[in-house]
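The structure under discussion appears below in the form of structure tokens.
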Amino acid sequence: ERNRHIFTDNLGRKPKNKGHNPPFELNRSKNINCVIFMLLLKNYTFVIMNNTNTIDFTKLKVANYNRKSTEAEDRQMLSIQSQLDEAQRISDFYKLPPFVEVFKEAKSAKKECVRPEFSKMMEKVRSGKIDCIVCWKIDRLARNMTEGGQIIDLLSSGVIKAIITYDKVFYPWDNVIVMSVEFSQGKQFIKDLSISVKRGQRKKARIGIPHGVASLGFLNDKAEEKGNRKWLVDEL
């Protein structure tokens, strides 16, 4: 009993109460837990856990979808090549396996069933060849509620195990309201944009400024700023 090792704290103090654990022993336990946590963090393998839900990113069948619309809706959106670069950065960050396939197209997503590459990807999702999608933003997948609803159903049922964007990961156990709002915002953006464009066209018509590129036999007046250019007769 005399040779029993007595722990001391950082200041060399011995425990005063033998019947209770002294404060420095509690601190020692917390320090051990901290060290274990740091070791786990250092060797983190990107296995994402949420309560009892677990996804091993290294075993997913991942596809990359990139879309750039030629219409005004995506005028400020990243180009296809920029989206590809971001997808590779996302893949490296989450340590994903190589992409099963990369889908690229220049189509608007405001109407359903007009994007062949998207339809091809969805067929492979339903057949089980793809269970994870990487894209720049969720609105790259859909800007209409028909295709957006299909994606939500496939994700919530677990057919799609994850949708990974540059700032968020969507899981099957997530609240579907969040994704519904994301797709609804895309749909509303298209509606608001259409109203604004038509309003601008009506205003130009009232003040006598033609809309768009000059027809055959006319030239756009380059002396005016873009949007206010009148048509000049082509003397040639």
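A note on labels: chains of the structure tokens are A, B, ... as shown, every chain counts residues from 1, and ligands are counted from 1 in their shown order.
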
Inset, instruction - Tell me, as an MDAnalysis selection string, which residues lie within 10 Å of Val134 of chain A, counting only C-alpha atoms; anything in the same chain fewer than 4 positions away does not count. - result: chainID A and resid 62:66 84 86:88 90:91 96 99 102 138 141 162:166 169

May I have the selected residues written with C-alpha atoms, as a compact mmCIF listing (two decimals), in the first residue's frame?
# COMPACT_ATOMS: atom_id res chain seq x y z
CA VAL A 62 -19.89 8.36 -58.53
CA ALA A 63 -20.95 10.31 -61.61
CA ASN A 64 -20.17 13.93 -62.40
CA TYR A 65 -22.84 16.12 -64.03
CA ASN A 66 -22.02 19.51 -65.57
CA LEU A 84 -15.10 20.04 -64.24
CA GLU A 86 -14.42 22.05 -59.22
CA ALA A 87 -15.74 18.48 -59.49
CA GLN A 88 -12.19 17.15 -59.40
CA ILE A 90 -14.53 17.93 -54.62
CA SER A 91 -13.49 14.38 -55.52
CA LEU A 96 -13.96 9.67 -53.89
CA PHE A 99 -15.95 8.93 -61.71
CA VAL A 102 -18.78 12.45 -66.67
CA ILE A 138 -27.86 21.53 -56.96
CA LEU A 141 -29.38 19.05 -61.89
CA ALA A 162 -25.32 11.20 -51.77
CA ILE A 163 -25.36 14.32 -53.92
CA ILE A 164 -22.19 16.32 -53.37
CA THR A 165 -21.88 20.01 -54.29
CA TYR A 166 -19.12 22.51 -53.58
CA VAL A 169 -23.69 17.12 -49.18

Inset, instruction - Please run DSSP on the backbone and report, as a count of residues only, all residues within segment 71-182 of chain A that come out as alpha helix (DSSP H). - result: 45

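When only C-alpha atoms are used to measure the gap to Ile152 of chain A, the shortest distance among A:Phe218, A:Trp136, A:Phe103, A:Phe183 belongs to A:Phe183.
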
Legend entry - Residues within 7 Å of Glu117 of chain A, only C-alpha atoms, excluding chain neighbours under 4 positions, as a VMD selection string: chain A and resid 103 to 105 121

Could you write out the selected residues, including C-alpha atoms, as a short mmCIF file (atom, residue, chain, number, x, y, z; two decimals), in the first residue's frame?
data_model
loop_
_atom_site.label_atom_id
_atom_site.label_comp_id
_atom_site.auth_asym_id
_atom_site.auth_seq_id
_atom_site.Cartn_x
_atom_site.Cartn_y
_atom_site.Cartn_z
CA PHE A 103 -21.86 14.07 -68.21
CA LYS A 104 -21.63 17.44 -69.98
CA GLU A 105 -24.28 19.39 -71.85
CA MET A 121 -27.50 9.64 -66.16
#

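Taking atom CA of Tyr94 of chain A and atom CA of Lys137 of chain A as the two end points, the separation is 16.3 Å.
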
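When only C-alpha atoms are used to measure the gap to Ser215 of chain A, the shortest distance among A:Cys135, A:Val233, A:Leu155, A:Ile80 belongs to A:Val233.
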
Inset, instruction - Quick one: everything within 12 Å of Pro172 of chain A, counting only C-alpha atoms, minus sequence neighbours fewer than 4 positions away in the same chain. Send it as a list in words. - result: Asn50, Asn53, Thr54, Ile55, Asp131, Cys132, Ile151, Ile152, Asp153, Leu154, Leu155, Ser156, Ser157, Gly158, Val159, Ile160, Lys161, Ala162, Ile163, Val176, Val178 and Met179 of chain A
